[in-house]
file run.txt (compact mmCIF, C-alpha atoms and all ligand atoms)
# COMPACT_ATOMS: atom_id res chain seq x y z
CA MET A 13 -31.89 -242.92 -195.39
CA ILE A 14 -31.09 -246.43 -196.65
CA LYS A 15 -27.71 -247.72 -195.48
CA GLN A 16 -25.72 -250.91 -195.77
CA GLU A 17 -23.99 -252.34 -192.74
CA GLU A 18 -22.45 -255.50 -191.35
CA MET A 19 -24.55 -255.78 -188.19
CA LYS A 20 -23.67 -257.89 -185.18
CA VAL A 21 -25.86 -260.82 -184.09
CA ILE A 22 -26.94 -260.21 -180.48
CA ASN A 23 -29.42 -263.04 -180.18
CA GLN A 24 -31.04 -265.68 -182.35
CA LYS A 25 -33.58 -268.28 -181.31
CA GLU A 26 -36.34 -270.46 -182.73
CA ILE A 27 -39.58 -269.18 -181.18
CA ALA A 28 -42.03 -271.45 -183.06
CA GLN A 29 -41.69 -274.20 -185.63
CA SER A 30 -39.19 -272.88 -188.24
CA ILE A 31 -39.80 -269.31 -187.01
CA TYR A 32 -36.70 -267.45 -185.82
CA GLU A 33 -36.25 -264.26 -183.83
CA LEU A 34 -33.00 -262.50 -184.67
CA THR A 35 -31.67 -259.37 -182.93
CA LEU A 36 -28.96 -257.32 -184.64
CA GLU A 37 -26.95 -254.31 -183.49
CA GLY A 38 -25.47 -251.44 -185.47
CA GLU A 39 -25.66 -247.78 -186.50
CA LEU A 40 -28.32 -248.48 -189.12
CA VAL A 41 -30.94 -248.70 -186.36
CA SER A 42 -30.87 -244.89 -186.02
CA GLU A 43 -32.41 -244.70 -189.53
CA MET A 44 -35.44 -246.80 -188.59
CA SER A 45 -38.34 -244.44 -188.14
CA GLN A 46 -41.65 -246.13 -188.91
CA PRO A 47 -43.19 -249.44 -187.85
CA GLY A 48 -43.84 -251.60 -190.91
CA GLN A 49 -40.58 -250.88 -192.69
CA PHE A 50 -38.34 -253.78 -193.69
CA VAL A 51 -34.68 -254.61 -194.19
CA HIS A 52 -33.01 -256.41 -197.03
CA ILE A 53 -30.79 -259.20 -195.77
CA LYS A 54 -27.95 -261.04 -197.44
CA THR A 55 -28.81 -264.42 -196.01
CA GLY A 56 -25.78 -266.49 -197.01
CA ASN A 57 -22.06 -266.02 -197.25
CA GLY A 58 -20.30 -264.66 -200.33
CA PHE A 59 -22.41 -265.15 -203.45
CA GLU A 60 -24.56 -268.03 -202.20
CA PRO A 61 -27.45 -267.37 -202.38
CA LEU A 62 -27.10 -264.30 -204.52
CA LEU A 63 -30.29 -262.46 -203.73
CA ARG A 64 -31.11 -260.55 -200.59
CA ARG A 65 -34.33 -261.35 -198.76
CA PRO A 66 -36.79 -258.72 -197.54
CA ILE A 67 -37.64 -259.27 -193.86
CA SER A 68 -39.87 -257.01 -191.82
CA ILE A 69 -38.72 -255.25 -188.67
CA SER A 70 -40.57 -256.46 -185.58
CA SER A 71 -39.12 -254.16 -182.94
CA ILE A 72 -36.66 -251.31 -182.65
CA ASN A 73 -34.52 -250.36 -179.65
CA PRO A 74 -32.75 -247.11 -180.60
CA GLY A 75 -31.11 -246.75 -177.16
CA LYS A 76 -29.21 -250.01 -177.61
CA LYS A 77 -28.86 -249.56 -181.38
CA GLN A 78 -30.60 -252.91 -181.80
CA PHE A 79 -33.55 -254.16 -183.80
CA THR A 80 -35.31 -257.51 -183.95
CA MET A 81 -36.82 -259.31 -186.89
CA ILE A 82 -38.81 -262.53 -187.08
CA TYR A 83 -38.64 -264.74 -190.14
CA ARG A 84 -39.55 -268.19 -191.35
CA ALA A 85 -36.65 -270.47 -192.31
CA GLU A 86 -38.10 -272.06 -195.43
CA GLY A 87 -35.43 -271.98 -198.14
CA LYS A 88 -31.69 -272.15 -198.58
CA GLY A 89 -31.14 -268.47 -197.76
CA THR A 90 -33.20 -268.24 -194.60
CA GLU A 91 -31.90 -271.66 -193.45
CA LEU A 92 -28.38 -270.21 -193.65
CA LEU A 93 -29.50 -267.10 -191.80
CA SER A 94 -30.95 -269.22 -189.00
CA GLN A 95 -27.50 -270.74 -188.44
CA LYS A 96 -25.83 -267.38 -187.74
CA GLU A 97 -24.54 -267.41 -184.20
CA ILE A 98 -24.09 -264.65 -181.61
CA GLU A 99 -21.20 -262.26 -182.43
CA LYS A 100 -21.30 -263.18 -186.15
CA SER A 101 -22.26 -260.47 -188.62
CA VAL A 102 -25.14 -260.12 -191.07
CA ASP A 103 -25.11 -257.85 -194.14
CA VAL A 104 -28.15 -255.58 -193.86
CA LEU A 105 -29.51 -252.99 -196.30
CA GLY A 106 -32.25 -250.73 -194.99
CA PRO A 107 -34.52 -249.53 -193.65
CA MET A 108 -36.76 -249.74 -196.70
CA GLY A 109 -40.33 -248.96 -197.66
CA ASN A 110 -43.11 -246.85 -196.22
CA GLY A 111 -44.59 -248.26 -193.02
CA PHE A 112 -47.84 -247.84 -191.09
CA PRO A 113 -49.01 -244.24 -190.68
CA LEU A 114 -49.21 -243.73 -186.91
CA ASN A 115 -50.84 -240.32 -187.16
CA GLU A 116 -54.01 -241.81 -188.69
CA ALA A 117 -55.07 -242.95 -185.22
CA ALA A 118 -55.80 -240.48 -182.42
CA ALA A 119 -55.74 -241.18 -178.70
CA GLY A 120 -59.14 -240.80 -177.06
CA SER A 121 -61.22 -240.85 -180.23
CA ASP A 122 -60.11 -243.91 -182.21
CA THR A 123 -60.55 -247.62 -181.48
CA VAL A 124 -57.69 -249.44 -183.14
CA LEU A 125 -57.45 -253.02 -184.36
CA LEU A 126 -54.28 -254.77 -185.54
CA VAL A 127 -54.74 -257.90 -187.65
CA GLY A 128 -51.86 -260.23 -188.50
CA GLY A 129 -51.52 -263.49 -190.36
CA GLY A 130 -48.53 -265.82 -189.97
CA ILE A 131 -45.27 -264.15 -190.84
CA GLY A 132 -47.24 -260.89 -191.26
CA VAL A 133 -47.62 -260.68 -187.48
CA PRO A 134 -44.11 -259.34 -186.58
CA PRO A 135 -44.34 -255.73 -187.88
CA LEU A 136 -47.52 -255.24 -185.85
CA TYR A 137 -45.52 -255.61 -182.66
CA GLU A 138 -43.52 -252.41 -183.12
CA LEU A 139 -46.70 -250.73 -184.36
CA SER A 140 -48.60 -251.70 -181.20
CA LYS A 141 -45.75 -250.46 -178.99
CA ARG A 142 -45.71 -247.09 -180.79
CA LEU A 143 -49.49 -246.75 -180.52
CA LYS A 144 -49.20 -247.45 -176.80
CA GLU A 145 -46.66 -244.63 -176.50
CA LYS A 146 -49.29 -242.38 -178.09
CA GLY A 147 -51.84 -243.46 -175.48
CA ILE A 148 -53.69 -245.93 -177.74
CA THR A 149 -54.24 -249.51 -176.59
CA ALA A 150 -54.86 -251.62 -179.66
CA THR A 151 -56.75 -254.90 -179.90
CA HIS A 152 -54.86 -257.68 -181.70
CA VAL A 153 -56.26 -260.53 -183.77
CA LEU A 154 -53.48 -262.88 -184.85
CA GLY A 155 -53.95 -265.83 -187.19
CA PHE A 156 -51.68 -268.85 -187.62
CA GLN A 157 -51.87 -272.20 -189.41
CA ALA A 158 -51.57 -274.34 -186.27
CA LYS A 159 -50.49 -274.32 -182.61
CA GLU A 160 -46.83 -275.00 -183.41
CA HIS A 161 -46.64 -271.82 -185.51
CA VAL A 162 -47.99 -269.42 -182.86
CA PHE A 163 -45.53 -266.87 -181.50
CA TYR A 164 -45.49 -263.59 -179.50
CA GLU A 165 -48.86 -264.21 -177.81
CA ASP A 166 -47.49 -263.01 -174.44
CA GLU A 167 -45.75 -260.00 -175.98
CA PHE A 168 -48.93 -258.80 -177.67
CA THR A 169 -51.08 -259.58 -174.62
CA LYS A 170 -48.90 -257.24 -172.53
CA LEU A 171 -49.80 -254.43 -174.93
CA GLY A 172 -53.54 -255.05 -175.29
CA GLU A 173 -56.35 -257.55 -175.74
CA THR A 174 -55.11 -260.38 -177.96
CA TYR A 175 -57.06 -263.08 -179.79
CA ILE A 176 -55.36 -266.05 -181.41
CA VAL A 177 -56.99 -267.98 -184.23
CA THR A 178 -55.65 -271.09 -185.97
CA ALA A 179 -56.80 -272.52 -189.28
CA ASP A 180 -56.96 -276.05 -187.87
CA GLY A 181 -58.33 -275.07 -184.44
CA SER A 182 -55.35 -276.59 -182.59
CA TYR A 183 -54.96 -273.38 -180.54
CA GLY A 184 -57.19 -270.38 -179.82
CA SER A 185 -60.34 -270.27 -181.90
CA GLN A 186 -60.71 -272.06 -185.19
CA GLY A 187 -61.18 -270.33 -188.50
CA PHE A 188 -60.07 -267.04 -189.98
CA VAL A 189 -59.21 -263.71 -188.44
CA THR A 190 -62.38 -262.23 -189.97
CA ASP A 191 -64.53 -264.73 -187.99
CA VAL A 192 -63.02 -263.46 -184.73
CA ILE A 193 -63.32 -259.78 -185.65
CA ARG A 194 -67.02 -260.16 -186.48
CA ASP A 195 -67.67 -261.47 -182.96
CA LEU A 196 -65.82 -258.66 -181.16
CA PRO A 197 -68.11 -256.21 -179.41
CA LYS A 198 -66.03 -253.13 -180.33
CA ASP A 199 -66.56 -250.93 -183.34
CA PHE A 200 -63.08 -250.22 -184.67
CA THR A 201 -62.36 -246.96 -186.43
CA VAL A 202 -58.79 -247.65 -187.59
CA ILE A 203 -57.48 -251.05 -188.72
CA TYR A 204 -53.89 -251.95 -189.59
CA ALA A 205 -53.17 -255.36 -191.13
CA CYS A 206 -50.32 -257.46 -192.44
CA GLY A 207 -50.52 -261.02 -193.73
CA PRO A 208 -51.28 -263.23 -196.72
CA THR A 209 -53.10 -261.66 -199.66
CA PRO A 210 -56.41 -263.61 -199.21
CA MET A 211 -56.59 -262.32 -195.63
CA LEU A 212 -56.01 -258.73 -196.75
CA ARG A 213 -58.63 -259.10 -199.50
CA ALA A 214 -61.19 -260.41 -197.01
CA LEU A 215 -60.49 -257.46 -194.72
CA GLU A 216 -60.82 -255.00 -197.58
CA ILE A 217 -64.20 -256.43 -198.58
CA GLU A 218 -65.58 -256.18 -195.05
CA TYR A 219 -63.82 -253.10 -193.68
CA GLY A 220 -62.71 -251.17 -196.76
CA HIS A 221 -65.11 -248.36 -195.87
CA LYS A 222 -63.13 -247.69 -192.67
CA LYS A 223 -59.61 -246.36 -192.21
CA LEU A 224 -57.85 -249.56 -193.22
CA PHE A 225 -54.10 -249.87 -193.89
CA LEU A 226 -52.73 -253.03 -195.49
CA SER A 227 -49.13 -254.18 -195.62
CA LEU A 228 -48.56 -256.24 -198.76
CA GLU A 229 -45.22 -257.76 -197.85
CA GLU A 230 -46.11 -261.19 -199.20
CA ARG A 231 -45.93 -259.77 -202.68
CA MET A 232 -42.26 -258.84 -202.56
CA GLY A 233 -39.37 -260.19 -204.58
CA CYS A 234 -36.09 -258.31 -204.86
CA GLY A 235 -37.17 -255.57 -202.45
CA ILE A 236 -35.25 -252.79 -204.17
CA GLY A 237 -37.39 -251.82 -207.14
CA ALA A 238 -35.48 -253.93 -209.70
CA CYS A 239 -37.49 -257.08 -210.44
CA PHE A 240 -41.07 -255.80 -210.90
CA ALA A 241 -42.34 -258.90 -209.05
CA CYS A 242 -44.21 -256.65 -206.66
CA VAL A 243 -46.12 -254.32 -208.95
CA CYS A 244 -49.85 -253.91 -208.46
CA HIS A 245 -52.35 -251.84 -210.36
CA THR A 246 -53.74 -248.72 -208.81
CA ALA A 247 -57.43 -249.05 -207.94
CA ASP A 248 -58.45 -246.07 -210.12
CA ASP A 249 -56.83 -247.68 -213.20
CA PRO A 250 -57.21 -251.43 -212.57
CA THR A 251 -56.41 -252.65 -216.10
CA GLY A 252 -54.29 -249.78 -217.37
CA SER A 253 -50.61 -248.94 -217.18
CA SER A 254 -50.68 -247.19 -213.84
CA TYR A 255 -49.09 -249.25 -211.09
CA LYS A 256 -47.29 -249.05 -207.76
CA LYS A 257 -44.37 -251.04 -206.46
CA VAL A 258 -44.98 -252.75 -203.13
CA CYS A 259 -41.31 -252.53 -202.16
CA SER A 260 -40.76 -248.83 -202.72
CA ASP A 261 -44.26 -247.24 -202.76
CA GLY A 262 -45.46 -249.60 -199.97
CA PRO A 263 -45.43 -252.09 -198.43
CA VAL A 264 -48.27 -250.33 -196.58
CA PHE A 265 -51.16 -248.93 -198.63
CA ARG A 266 -54.46 -247.40 -197.66
CA SER A 267 -57.36 -249.67 -198.56
CA GLY A 268 -58.59 -248.88 -202.07
CA GLU A 269 -55.27 -247.44 -203.22
CA VAL A 270 -54.10 -250.53 -205.10
CA VAL A 271 -55.71 -253.71 -206.42
CA ILE A 272 -54.71 -256.57 -204.16
FE1 LIG B 301 -38.60 -256.26 -206.93
FE2 LIG B 301 -40.36 -254.55 -205.86
S1 LIG B 301 -39.76 -256.45 -205.12
S2 LIG B 301 -39.36 -254.39 -207.75

call {"tool": "encode", "arguments": {"input": "run.txt", "output": "structure tokens", "more": "lines below"}}
Ligand code: FES
result
Amino acid sequence: MIKQEEMKVINQKEIAQSIYELTLEGELVSEMSQPGQFVHIKTGNGFEPLLRRPISISSINPGKKQFTMIYRAEGKGTELLSQKEIEKSVDVLGPMGNGFPLNEAAAGSDTVLLVGGGIGVPPLYELSKRLKEKGITATHVLGFQAKEHVFYEDEFTKLGETYIVTADGSYGSQGFVTDVIRDLPKDFTVIYACGPTPMLRALEIEYGHKKLFLSLEERMGCGIGACFACVCHTADDPTGSSYKKVCSDGPVFRSGEVVI
């Protein structure tokens, strides 16, 4: 169930250039069930800025009633959020959306790949932890613009094989996530991905015939079904009036479900 709560800041730190990791505590955590869901954050104070920002959940700790999210400080709202100190409160609405379906991968029979791009990497962390609990060790391919933007390499490496790729080649291998995946010796049966739309499109072209789940978070605006900024056509009616909303029907869709 979606709830609204003033949650307490437990920790906040810059983990890469303009990328912040923020841990919050409160009762709302007990509602978080699926990896890949997001929260809707009031980033400023009072009415400035007016709109909430959708930010994905990167890890959940139900025992401590805490969750962590990772976001890029790139506008007035998220800049204000990055200045929130420990013990201050943040207005959170959530959890929202439909996340990654864990039951699509089976221990023992499936080989699972997680693919992330930039600020699409964080939700894969909780997903990988949950898969591990099910007995599945996923392989991770994580893409970033440049060395200074890379984060969570150690965290992912602790969970499974992890490959870093940067667009400019300043860290890891150079190129796109798809270049790295092509060179991997494994044949993956289930792929979960989150990142910029061109990356998701490239994955759909190459791996759309497999079990592929795509999180379209980049496409979100208001996050609550009000602005229609996130609508996409369904694949079986690509030019017609049938559409889905990324914020409420997604953000995760099975490949071929919507036009991306
Ligand atoms: Fe506004 Fe979905 S983001 S309707």

call {"tool": "residues_near_ligand", "arguments": {"input": "run.txt", "ligand": "ligand LIG 301 (chain B)", "cutoff": "12 Å", "atoms": "only C-alpha atoms and all ligand atoms", "output": "JSON, numbers by chain"}}
result
{"A": [50, 52, 63, 64, 65, 66, 67, 108, 109, 228, 229, 230, 231, 232, 233, 234, 235, 236, 237, 238, 239, 240, 241, 242, 243, 244, 255, 256, 257, 258, 259, 260, 261, 262, 263]}

call {"tool": "write_last_selection", "arguments": {"input": "run.txt", "atoms": "C-alpha atoms", "output": "short mmCIF file (atom, residue, chain, number, x, y, z; two decimals), in the coordinates of the input"}}
result
data_model
loop_
_atom_site.label_atom_id
_atom_site.label_comp_id
_atom_site.auth_asym_id
_atom_site.auth_seq_id
_atom_site.Cartn_x
_atom_site.Cartn_y
_atom_site.Cartn_z
CA PHE A 50 -38.34 -253.78 -193.69
CA HIS A 52 -33.01 -256.41 -197.03
CA LEU A 63 -30.29 -262.46 -203.73
CA ARG A 64 -31.11 -260.55 -200.59
CA ARG A 65 -34.33 -261.35 -198.76
CA PRO A 66 -36.79 -258.72 -197.54
CA ILE A 67 -37.64 -259.27 -193.86
CA MET A 108 -36.76 -249.74 -196.70
CA GLY A 109 -40.33 -248.96 -197.66
CA LEU A 228 -48.56 -256.24 -198.76
CA GLU A 229 -45.22 -257.76 -197.85
CA GLU A 230 -46.11 -261.19 -199.20
CA ARG A 231 -45.93 -259.77 -202.68
CA MET A 232 -42.26 -258.84 -202.56
CA GLY A 233 -39.37 -260.19 -204.58
CA CYS A 234 -36.09 -258.31 -204.86
CA GLY A 235 -37.17 -255.57 -202.45
CA ILE A 236 -35.25 -252.79 -204.17
CA GLY A 237 -37.39 -251.82 -207.14
CA ALA A 238 -35.48 -253.93 -209.70
CA CYS A 239 -37.49 -257.08 -210.44
CA PHE A 240 -41.07 -255.80 -210.90
CA ALA A 241 -42.34 -258.90 -209.05
CA CYS A 242 -44.21 -256.65 -206.66
CA VAL A 243 -46.12 -254.32 -208.95
CA CYS A 244 -49.85 -253.91 -208.46
CA TYR A 255 -49.09 -249.25 -211.09
CA LYS A 256 -47.29 -249.05 -207.76
CA LYS A 257 -44.37 -251.04 -206.46
CA VAL A 258 -44.98 -252.75 -203.13
CA CYS A 259 -41.31 -252.53 -202.16
CA SER A 260 -40.76 -248.83 -202.72
CA ASP A 261 -44.26 -247.24 -202.76
CA GLY A 262 -45.46 -249.60 -199.97
CA PRO A 263 -45.43 -252.09 -198.43
#

call {"tool": "closest_residue", "arguments": {"input": "run.txt", "among": "A:His221, A:Lys25, A:Arg266, A:Lys88", "to": "Ala247 of chain A", "atoms": "all atoms listed in the file"}}
result
A:Arg266

call {"tool": "closest_residue", "arguments": {"input": "run.txt", "among": "A:Asp199, A:Asp103, A:Glu160, A:Asp180", "to": "Val124 of chain A", "atoms": "all atoms listed in the file"}}
result
A:Asp199

call {"tool": "closest_residue", "arguments": {"input": "run.txt", "among": "A:Phe200, A:Phe79, A:Phe156, A:Phe265", "to": "Gln186 of chain A", "atoms": "all atoms listed in the file"}}
result
A:Phe156

call {"tool": "closest_residue", "arguments": {"input": "run.txt", "among": "A:Ser101, A:Gln157, A:Gln49, A:Thr246", "to": "Ile131 of chain A", "atoms": "all atoms listed in the file"}}
result
A:Gln157

call {"tool": "residues_around", "arguments": {"input": "run.txt", "residues": "Thr201 of chain A", "least_positions_apart": "5", "cutoff": "7 Å", "atoms": "all atoms listed in the file", "output": "list in words"}}
result
Asp122, Thr123, Val124, Lys222 and Lys223 of chain A

call {"tool": "closest_residue", "arguments": {"input": "run.txt", "among": "A:Glu86, A:Leu105, A:Ser45, A:Glu26", "to": "Ile14 of chain A", "atoms": "only C-alpha atoms"}}
result
A:Leu105

call {"tool": "residues_around", "arguments": {"input": "run.txt", "residues": "Ser94 of chain A", "least_positions_apart": "4", "cutoff": "8 Å", "atoms": "only C-alpha atoms", "output": "PyMOL selection string"}}
result
chain A and resi 24+32+85+90

call {"tool": "atom_distance", "arguments": {"input": "run.txt", "atom1": "atom CA of Glu97 of chain A", "atom2": "atom CA of Gly38 of chain A"}}
result
16.0 Å

call {"tool": "atom_distance", "arguments": {"input": "run.txt", "atom1": "atom CA of Glu91 of chain A", "atom2": "atom CA of Asn110 of chain A"}}
result
27.4 Å

call {"tool": "closest_residue", "arguments": {"input": "run.txt", "among": "A:Ser227, A:Ser42, A:Thr151, A:Ser182", "to": "Leu196 of chain A", "atoms": "all atoms listed in the file"}}
result
A:Thr151

call {"tool": "atom_distance", "arguments": {"input": "run.txt", "atom1": "atom CA of Ile31 of chain A", "atom2": "atom CA of Glu99 of chain A"}}
result
20.4 Å

call {"tool": "residues_around", "arguments": {"input": "run.txt", "residues": "Gly184 of chain A", "least_positions_apart": "4", "cutoff": "12 Å", "atoms": "only C-alpha atoms", "output": "list in words"}}
result
Val153, Leu154, Gly155, Phe156, Gln157, Ala158, Lys159, Glu160, Val162, Glu165, Thr174, Tyr175, Ile176, Val177, Thr178, Ala179, Asp180, Phe188, Val189 and Val192 of chain A

call {"tool": "residues_around", "arguments": {"input": "run.txt", "residues": "Val104 of chain A", "least_positions_apart": "4", "cutoff": "8 Å", "atoms": "all atoms listed in the file", "output": "list in words"}}
result
Gln16, Glu17, Glu18, Met19, Val51, His52, Ile53 and Lys54 of chain A

call {"tool": "residues_around", "arguments": {"input": "run.txt", "residues": "Tyr137 of chain A", "least_positions_apart": "6", "cutoff": "9 Å", "atoms": "only C-alpha atoms", "output": "ChimeraX atom specification"}}
result
/A:47,70-71,164,167-168,171
